[in-house]
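Participant: Would you mind keeping the following structure in view while I ask a few things?
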Amino acid sequence: MDRETARQRRDELHTRLEEYNYHYYVLDDPLVTDAEYDTLMSELREIERLFPDLIRPDSPTRRVGAEPLAEFGKVTHRVPMLSIEDAHQEAEVWNFDARIKRLLDLPDNHAVDYFVEPKMDGVSASLTYERGILILGSTRGNGYEGEDITQNLKTISLVPLRLKTDQVAIPPPPLFEARGEVFISKNDFGRLNEERARTGEQLFANARNAAAGSVRQLDPRITAQRKLTLYFYGLGYLEGLEIETQSRLLELFRQWGLKPNPLAKLCHGIAAAIAYHHQIETERDRIAYEMDGVVIKVNDRTCWERLGMTTRSPRWMLAYKFKAQEATTRIKAIDIQVGRTGVLTPVALLEPVQLAGVTVQRATLHNADEIKRKDIRTGDLVIIQRAGDVIPKVVRALVDQRQGNETEFQMVDICPVCQSEIMREGALHRCPNPICPAKTSERIIHFVSINAFNIDQLGSKIVQQLISSGLIADVADIFYLTFEQIVQLPRFAEKSARNLIEAITKSKTIAFDRFIFALGIRNVGSHIATVLTREFPRLELLEQASEDDLMNVHEIGPEIARSVVRFFQDEQSRLSLERMLAAGVTIIYPEPAPASSGPTPFSEKAFVFTGELEQMTRNQAKAMVEQYGGRAVSSVSQKTDYVVVGQNPGSKYDKARALGVPILTESEFLEMVKNISSLLE
Ligand code: IVH
């Protein structure tokens with residue numbers, strides 16, 4: 001294929017793939033099968049492989065695969081992202097309507113048109129389109145300044161990289177911001193948590209946290225694996241277009257490819273809006289995603305300016321919340337659960353009760369202090385609540401219903417699983433025994449999980465079996481299992497035993513970041529493991545790193561630093577590491593960075609940037625440091641070599657002065673860069 005033919009075919013494929021995407025995602029009306037779509041996509045990928053200069057930034061292939069970022073850039077919103085006034089009672093909604101009519105000089109009996117939309121429980125995002133192309137996507141942040149999450153938003157299929165301009169009543173304006181809510185469906189959230197449970201990662205408490213955690217990943221490939229949805233609900237900045245009503249805006253959005261919530265509805269008069277709120281509230285269990293209410297907006301956008309704002313929120317809209325889902329039941333007993341890290345959590349065992357469409361039999365009581373504060377006793381009738389969270393919580397006891405036979409809770413002082421003496425750390429109680437069986441099995445399951453040693457023949461049942469038959473008590477024991485031991489276990493045959501041994505042998509060669517993740521160091525998930533192995537690219541280096549060394553790394557705070565140091569100091573974990581290596585575990589280390597052209601004044605030097613930089617972005621500054629062999633780190637310590645200060649520097653500047661770390665202005669820093677680059681030429 002010659003270049004010109006390839007270019008033409010590329011454009012055809014773009015147009016077709018975009019059209020199919022639009023029909024599939026926005027209109028829920030697919031034009032082709034998945035297989036047909038995939039074939040065209042592969043063809044486009046092939047063209048892009050042959051002619052890389054033909055890759056357009058808005059190519060449908062560009063949704064995934066961008067490189068991880070070191071940190072998010074900051075974005076100042078052209079139009080602030082505010083909040084909405086809440087109403088919990090119907091009377092407040094009538095008052096809202098009365099206030100609107102008063103402010104607009106409308107008669108009391110006038111029926112205002114309201115546009116009512118479900119209030120999805122996720123996180124808001126603002127997407128800037130310039131001449132129809134997505135150029136920026138950001139989080140809300142503090143409402144005035146958010147983070148640049150463009151790479152991540154691009155991975156969401158419902159985010160058009162380019163807007164539709166054909167067959168639209170009005171073309172999209174040259175520059176505008178579309179705003180909407182990113183969320184995850186109840187099902188996808190459940191699956192995500194199941195997967196995290198399997199790999200030993202901390203569970204998300206609710207769908208909103210899962211959505212928030214997913215859009216704020218520095219590695220867009222992780223975001224791409226999460227099934228995120230985005231419904232558009234409004235505008236930020238807008239140039240060159242007047243749109244009279246909210247319903248019209250969302251209709252145009254839909255034509256342009258920006259999908260609004262299909263449940264949004266125009267209601268004539270506030271009574272109709274209230275009725276719609278009640279209808280959605282009764283149907284909420286059947287809706288695929290979490291909502292916490294509806295947003296009622298004056299449909300006529302031309303009145304919005306007249307209605308104006310209070311300090312925090314516009315006067316033309318109101319969030320009419322749903323009631324928290326509650327139920328009453330009795331606590332039969334209070335059980336203690338021991339987690340992978342040994343934390344003891346009291347859990348109320350309840351008489352089964354229906355709540356938000358599921359039968360609830362357990363509710364968390366968080367910790368002993370909380371139980372005391374709320375005076376909750378075994379035998380109490382209690383109110384339990386689900387506020388979008390997975391695990392319902394006990395809100396309060398119905399004290400006046402007590403019969404006298406309720407018993408106060410006593411925290412255990414020995415671990416219910418291994419009988420070790422419990423230690424108290426702040427509000428938490430913890431089993432300190434590193435080989436507590438409750439921890440052992442969780443640790444082993446984590447060790448063999450998909451992002452770690454990935455031995456899928458070792459499911460949790462088999463792990464339990466190996467532990468109870470005394471064959472393994474520590475992760476390293478896995479590598480000493482023999483065919484003869486396995487084959488004599490119940491439910492194993494020659495073939496399955498051989499398969500298991502083979503899988504274990506294969507798993508022994510492992511990438512360094514997976515290895516670190518597998519160790520199950522407290523506070524070290526997949527992502528942090530990658531960060532650690534990038535900064536300390538040998539096991540010996542990581543083993544020897546001090547808390548200060550660790551905290552010098554971006555994203556590593558004091559808690560992670562402490563856990564890492566403790567892990568490598570711990571006798572038991574050292575022994576376990578030694579035995580793994582002795583059994584032939586081979587760590588594959590990342591390729592060393594390409595040798596720079598010799599040492600420079602930046603080589604091995606640690607830089608901290610603080611304050612607002614004026615002549616470069618943070619990312620550019622970091623790139624310059626790294627280009628010449630230095631490191632950009634986030635916190636100031638004795639090991640910091642230079643602190644570069646911009647406008648309004650914060651506490652890092654004070655700390656640098658206190659420690660006597662050399663301080664550079666932005667210009668001095670750039671001067672150094674210039675000198676180095678001329679030196680190298
Ligand atoms: S309009 C001034 N419409 O709720 C803010 N917001 O509690 C304009 N939200 O930050 C937002 N669904 O993230 C609007 N249909 C909807 C919404 C919605 C969810 C979120 C949004 C906002 C938060 C405020």
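In the structure tokens, the first chain shown is A, the next is B, and so on; residue numbers restart at 1 for each chain, and ligands run from 1 in the order shown.
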Check which residues fall inside 6 Å of ligand 1 when counting only C-alpha atoms and all ligand atoms, and print them as a list in words.
Facilitator: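 Listed by chain and ascending number, the contacts are Met81, Leu82, Ser83, Ile84, Glu117, Pro118, Lys119, Met120, Val123, Ser124, Glu181, Tyr233, Val295 and Ser313 of chain A.
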Participant: Which residues are near Ala368 in chain A? Cut-off 12 Å, only C-alpha atoms, ignore same chain within fewer than 6 positions. Put them as a VMD selection string.
Facilitator: chain A and resid 334 to 336 343 to 348 374 to 377 408 to 413 424 to 430
Participant: Write out the residues from the selection above, keeping N, CA and C atoms, as a PDB file, in the first residue's frame.
Facilitator:
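result_20.pdb was written with the following content:
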ATOM      1  N   ILE A 334     -21.558 -10.463  68.029  1.00  0.00           N
ATOM      2  CA  ILE A 334     -20.511  -9.637  67.424  1.00  0.00           C
ATOM      3  C   ILE A 334     -19.275 -10.519  67.229  1.00  0.00           C
ATOM      4  N   ASP A 335     -18.872 -10.608  65.969  1.00  0.00           N
ATOM      5  CA  ASP A 335     -17.804 -11.514  65.572  1.00  0.00           C
ATOM      6  C   ASP A 335     -16.537 -10.688  65.319  1.00  0.00           C
ATOM      7  N   ILE A 336     -15.389 -11.323  65.420  1.00  0.00           N
ATOM      8  CA  ILE A 336     -14.147 -10.604  65.143  1.00  0.00           C
ATOM      9  C   ILE A 336     -13.498 -11.208  63.901  1.00  0.00           C
ATOM     10  N   VAL A 343      -5.382  -6.820  61.160  1.00  0.00           N
ATOM     11  CA  VAL A 343      -6.307  -5.918  61.853  1.00  0.00           C
ATOM     12  C   VAL A 343      -7.582  -6.666  62.238  1.00  0.00           C
ATOM     13  N   LEU A 344      -8.027  -6.431  63.476  1.00  0.00           N
ATOM     14  CA  LEU A 344      -9.245  -7.066  63.970  1.00  0.00           C
ATOM     15  C   LEU A 344     -10.435  -6.134  63.749  1.00  0.00           C
ATOM     16  N   THR A 345     -11.449  -6.625  63.058  1.00  0.00           N
ATOM     17  CA  THR A 345     -12.632  -5.802  62.816  1.00  0.00           C
ATOM     18  C   THR A 345     -13.849  -6.463  63.435  1.00  0.00           C
ATOM     19  N   PRO A 346     -14.532  -5.756  64.356  1.00  0.00           N
ATOM     20  CA  PRO A 346     -15.775  -6.323  64.884  1.00  0.00           C
ATOM     21  C   PRO A 346     -16.892  -6.230  63.844  1.00  0.00           C
ATOM     22  N   VAL A 347     -17.616  -7.325  63.675  1.00  0.00           N
ATOM     23  CA  VAL A 347     -18.684  -7.375  62.683  1.00  0.00           C
ATOM     24  C   VAL A 347     -19.961  -7.833  63.384  1.00  0.00           C
ATOM     25  N   ALA A 348     -21.056  -7.096  63.151  1.00  0.00           N
ATOM     26  CA  ALA A 348     -22.327  -7.489  63.759  1.00  0.00           C
ATOM     27  C   ALA A 348     -22.966  -8.592  62.926  1.00  0.00           C
ATOM     28  N   LYS A 374     -21.058   4.530  70.312  1.00  0.00           N
ATOM     29  CA  LYS A 374     -22.474   4.406  69.938  1.00  0.00           C
ATOM     30  C   LYS A 374     -23.260   3.554  70.933  1.00  0.00           C
ATOM     31  N   ASP A 375     -22.587   3.028  71.926  1.00  0.00           N
ATOM     32  CA  ASP A 375     -23.189   2.131  72.913  1.00  0.00           C
ATOM     33  C   ASP A 375     -24.042   1.051  72.243  1.00  0.00           C
ATOM     34  N   ILE A 376     -23.384   0.244  71.438  1.00  0.00           N
ATOM     35  CA  ILE A 376     -24.096  -0.833  70.738  1.00  0.00           C
ATOM     36  C   ILE A 376     -23.812  -2.149  71.447  1.00  0.00           C
ATOM     37  N   ARG A 377     -24.880  -2.895  71.731  1.00  0.00           N
ATOM     38  CA  ARG A 377     -24.703  -4.140  72.492  1.00  0.00           C
ATOM     39  C   ARG A 377     -25.278  -5.329  71.733  1.00  0.00           C
ATOM     40  N   GLU A 408     -22.770  -5.927  76.752  1.00  0.00           N
ATOM     41  CA  GLU A 408     -21.801  -4.978  76.211  1.00  0.00           C
ATOM     42  C   GLU A 408     -20.680  -5.714  75.494  1.00  0.00           C
ATOM     43  N   PHE A 409     -20.087  -5.021  74.520  1.00  0.00           N
ATOM     44  CA  PHE A 409     -19.022  -5.644  73.730  1.00  0.00           C
ATOM     45  C   PHE A 409     -17.689  -5.553  74.451  1.00  0.00           C
ATOM     46  N   GLN A 410     -16.964  -6.636  74.429  1.00  0.00           N
ATOM     47  CA  GLN A 410     -15.612  -6.665  74.990  1.00  0.00           C
ATOM     48  C   GLN A 410     -14.650  -7.035  73.878  1.00  0.00           C
ATOM     49  N   MET A 411     -13.680  -6.184  73.599  1.00  0.00           N
ATOM     50  CA  MET A 411     -12.709  -6.551  72.575  1.00  0.00           C
ATOM     51  C   MET A 411     -11.855  -7.694  73.110  1.00  0.00           C
ATOM     52  N   VAL A 412     -11.564  -8.662  72.236  1.00  0.00           N
ATOM     53  CA  VAL A 412     -10.747  -9.792  72.682  1.00  0.00           C
ATOM     54  C   VAL A 412      -9.326  -9.321  72.969  1.00  0.00           C
ATOM     55  N   ASP A 413      -8.615 -10.009  73.874  1.00  0.00           N
ATOM     56  CA  ASP A 413      -7.206  -9.645  74.001  1.00  0.00           C
ATOM     57  C   ASP A 413      -6.292 -10.712  73.442  1.00  0.00           C
ATOM     58  N   ARG A 424      -2.531  -2.991  70.514  1.00  0.00           N
ATOM     59  CA  ARG A 424      -3.387  -1.882  70.156  1.00  0.00           C
ATOM     60  C   ARG A 424      -2.560  -0.819  69.442  1.00  0.00           C
ATOM     61  N   GLU A 425      -3.074  -0.327  68.296  1.00  0.00           N
ATOM     62  CA  GLU A 425      -2.393   0.769  67.577  1.00  0.00           C
ATOM     63  C   GLU A 425      -3.440   1.833  67.311  1.00  0.00           C
ATOM     64  N   GLY A 426      -3.494   2.863  68.119  1.00  0.00           N
ATOM     65  CA  GLY A 426      -4.526   3.899  67.968  1.00  0.00           C
ATOM     66  C   GLY A 426      -5.886   3.275  68.147  1.00  0.00           C
ATOM     67  N   ALA A 427      -6.776   3.496  67.151  1.00  0.00           N
ATOM     68  CA  ALA A 427      -8.119   2.945  67.259  1.00  0.00           C
ATOM     69  C   ALA A 427      -8.157   1.466  66.859  1.00  0.00           C
ATOM     70  N   LEU A 428      -7.031   0.961  66.335  1.00  0.00           N
ATOM     71  CA  LEU A 428      -7.038  -0.402  65.794  1.00  0.00           C
ATOM     72  C   LEU A 428      -6.464  -1.430  66.756  1.00  0.00           C
ATOM     73  N   HIS A 429      -6.988  -2.641  66.652  1.00  0.00           N
ATOM     74  CA  HIS A 429      -6.383  -3.777  67.346  1.00  0.00           C
ATOM     75  C   HIS A 429      -5.798  -4.678  66.282  1.00  0.00           C
ATOM     76  N   ARG A 430      -4.624  -5.210  66.552  1.00  0.00           N
ATOM     77  CA  ARG A 430      -3.953  -5.989  65.531  1.00  0.00           C
ATOM     78  C   ARG A 430      -3.323  -7.246  66.139  1.00  0.00           C
TER      79      ARG A 430
END
Participant: So, with only C-alpha atoms as the atoms that count, which of A:Glu90, A:Glu442, A:Asp380, A:Glu4 lies closest to Ala197 in chain A?
Facilitator: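 Ranking A:Glu90, A:Glu442, A:Asp380, A:Glu4 by distance to Ala197 in chain A, first place goes to A:Glu442.
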Participant: Go through range 559-670 of chain A and collect every residue that DSSP, computed from the backbone, puts in alpha helix (DSSP H); the answer should be as an MDAnalysis selection string.
Facilitator: chainID A and resid 559:569 571:582 618:627 651:659 666:670
Participant: Just the residues within 10 Å of range 153-156 of chain A, please, counting only C-alpha atoms, with nothing from its chain fewer than 6 positions along; format it as number ranges by chain.
Facilitator: A: 58, 60-66, 125-127, 134, 136-139, 182, 214-216, 220-230
Participant: Just want the 7 Å neighbourhood of range 575-588 of chain A, counted on only C-alpha atoms, with same-chain residues fewer than 5 positions away dropped. Output as a CSV table (one decimal) with N, CA, C and O atoms, in the first residue's frame.
Facilitator:
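The result, stored in out-v7.csv:
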chain,number,residue,atom,x,y,z
A,476,ALA,N,7.3,-19.1,50.8
A,476,ALA,CA,8.5,-19.7,50.2
A,476,ALA,C,8.3,-21.2,50.1
A,476,ALA,O,8.9,-21.9,49.2
A,479,PHE,N,7.7,-23.2,46.8
A,479,PHE,CA,8.8,-23.6,45.8
A,479,PHE,C,9.5,-24.9,46.3
A,479,PHE,O,10.4,-25.3,45.6
A,480,TYR,N,9.1,-25.4,47.4
A,480,TYR,CA,9.7,-26.7,47.9
A,480,TYR,C,8.8,-27.8,47.8
A,480,TYR,O,9.1,-28.9,48.2
A,508,LYS,N,8.7,-19.3,38.6
A,508,LYS,CA,9.9,-18.8,39.3
A,508,LYS,C,10.6,-17.7,38.7
A,508,LYS,O,11.4,-17.0,39.4
A,509,THR,N,10.5,-17.5,37.4
A,509,THR,CA,11.1,-16.4,36.8
A,509,THR,C,10.1,-15.2,36.7
A,509,THR,O,9.0,-15.4,36.2
A,510,ILE,N,10.4,-14.2,37.4
A,510,ILE,CA,9.4,-13.2,37.6
A,510,ILE,C,10.0,-11.8,37.6
A,510,ILE,O,11.1,-11.5,38.0
A,511,ALA,N,9.2,-10.8,37.0
A,511,ALA,CA,9.6,-9.4,36.9
A,511,ALA,C,9.6,-8.8,38.3
A,511,ALA,O,8.9,-9.2,39.2
A,512,PHE,N,10.6,-7.9,38.4
A,512,PHE,CA,10.8,-7.4,39.8
A,512,PHE,C,9.6,-6.7,40.4
A,512,PHE,O,9.3,-6.9,41.6
Participant: Taking the DSSP assignment computed from this structure's backbone, write out as a PyMOL selection string all residues of range 420-516 of chain A that belong to strand (DSSP E or B).
Facilitator: chain A and resi 421+423-425+428-430+509-511
Participant: CA of Ile296 in chain A and CA of Trp316 in chain A, how far apart in Å?
Facilitator: 8.3 Å
Participant: When distances are computed from only C-alpha atoms, which of A:Leu106, A:Ile435, A:Ile486, A:Cys303 shows the smallest separation from Glu244 in chain A?
Facilitator: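 Distance minimum relative to Glu244 in chain A lands on A:Cys303.
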Participant: At what distance in Å, to one decimal, does CA of Ala518 in chain A lie from CA of Glu494 in chain A?
Facilitator: 28.4 Å
Participant: Considering only C-alpha atoms, return as a list in words whatever protein or nucleic-acid residues lie within 10 Å of Ser677 in chain A, sequence-local ones (same chain, fewer than 6 positions apart) excluded.
Facilitator: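 Counting only the stated atoms, we get Thr600, Tyr628 and Glu671 of chain A.
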Participant: Would you export the selected residues with all heavy atoms as a compact mmCIF listing (two decimals), in the first residue's frame, please?
Facilitator:
# COMPACT_ATOMS: atom_id res chain seq x y z
N THR A 600 26.96 14.53 34.45
CA THR A 600 26.70 15.96 34.31
C THR A 600 26.53 16.51 35.72
O THR A 600 26.41 15.73 36.67
CB THR A 600 25.39 16.22 33.52
OG1 THR A 600 24.30 16.07 34.44
CG2 THR A 600 25.21 15.28 32.35
N TYR A 628 19.28 14.85 32.19
CA TYR A 628 20.70 14.98 32.52
C TYR A 628 21.10 14.16 33.74
O TYR A 628 22.04 14.48 34.45
CB TYR A 628 21.07 16.45 32.67
CG TYR A 628 20.86 17.20 31.38
CD1 TYR A 628 20.05 18.33 31.32
CD2 TYR A 628 21.45 16.74 30.20
CE1 TYR A 628 19.84 18.99 30.12
CE2 TYR A 628 21.24 17.39 29.00
CZ TYR A 628 20.44 18.52 28.96
OH TYR A 628 20.22 19.15 27.77
N GLU A 671 19.41 28.34 33.92
CA GLU A 671 20.79 28.69 33.58
C GLU A 671 21.67 27.43 33.64
O GLU A 671 22.44 27.15 32.73
CB GLU A 671 21.28 29.74 34.61
CG GLU A 671 22.57 30.42 34.25
CD GLU A 671 22.44 31.24 32.95
OE1 GLU A 671 21.31 31.68 32.59
OE2 GLU A 671 23.48 31.42 32.31
Participant: List the neighbours of range 560-571 of chain A out to 10 Å using only C-alpha atoms; skip same-chain residues closer than 2 positions along the sequence, and give me the result as an mmCIF file with C-alpha atoms, in the first residue's frame.
Facilitator:
data_model
loop_
_atom_site.group_PDB
_atom_site.id
_atom_site.type_symbol
_atom_site.label_atom_id
_atom_site.label_comp_id
_atom_site.auth_asym_id
_atom_site.auth_seq_id
_atom_site.Cartn_x
_atom_site.Cartn_y
_atom_site.Cartn_z
ATOM 1 C CA PRO A 434 3.413 -12.899 61.489
ATOM 2 C CA LEU A 519 5.502 -9.999 48.957
ATOM 3 C CA GLY A 520 2.342 -8.387 50.326
ATOM 4 C CA ILE A 521 4.144 -5.527 52.053
ATOM 5 C CA ARG A 522 1.564 -3.454 53.865
ATOM 6 C CA ASN A 523 0.419 -0.423 51.782
ATOM 7 C CA VAL A 524 2.259 -1.659 48.671
ATOM 8 C CA ILE A 528 3.426 1.390 44.314
ATOM 9 C CA LEU A 532 9.483 1.313 44.017
ATOM 10 C CA LEU A 542 15.282 -1.672 48.016
ATOM 11 C CA GLU A 543 16.314 -3.778 51.015
ATOM 12 C CA GLN A 544 18.831 -1.138 52.050
ATOM 13 C CA ALA A 545 16.637 1.919 51.425
ATOM 14 C CA SER A 546 15.952 4.029 54.509
ATOM 15 C CA GLU A 547 12.627 5.697 55.266
ATOM 16 C CA ASP A 548 14.124 8.984 54.072
ATOM 17 C CA ASP A 549 15.343 7.475 50.811
ATOM 18 C CA LEU A 550 11.907 6.060 50.214
ATOM 19 C CA MET A 551 10.073 9.249 51.059
ATOM 20 C CA ASN A 552 12.197 11.093 48.545
ATOM 21 C CA VAL A 553 10.267 9.264 45.854
ATOM 22 C CA GLU A 555 3.985 9.035 45.684
ATOM 23 C CA ILE A 556 5.809 7.381 48.591
ATOM 24 C CA GLY A 557 4.623 8.822 51.881
ATOM 25 C CA PRO A 558 5.709 8.045 55.445
ATOM 26 C CA SER A 573 10.425 -11.992 55.865
ATOM 27 C CA ARG A 574 14.213 -12.022 55.394
ATOM 28 C CA LEU A 575 14.259 -15.754 55.916
ATOM 29 C CA SER A 576 11.365 -16.200 53.540
ATOM 30 C CA LEU A 577 13.134 -14.124 50.866
#
Participant: What lies within 7 Å of range 639-655 of chain A using only C-alpha atoms, ignoring chain neighbours under 4 positions off, as a list in words?
Facilitator: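 Once the nearby chain positions are removed, what remains is Lys605, Ala606, Phe607, Val608, Phe609, Thr610, Gly611, Glu612, Leu613, Leu659, Val661, Pro662, Ile663, Leu664, Thr665, Glu666 and Phe669 of chain A.
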Participant: In Å, with one decimal, what is the gap from CA of Gln403 in chain A to CA of Ala333 in chain A?
Facilitator: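 Computing the Euclidean distance for CA of Gln403 in chain A and CA of Ala333 in chain A yields 16.0 Å.
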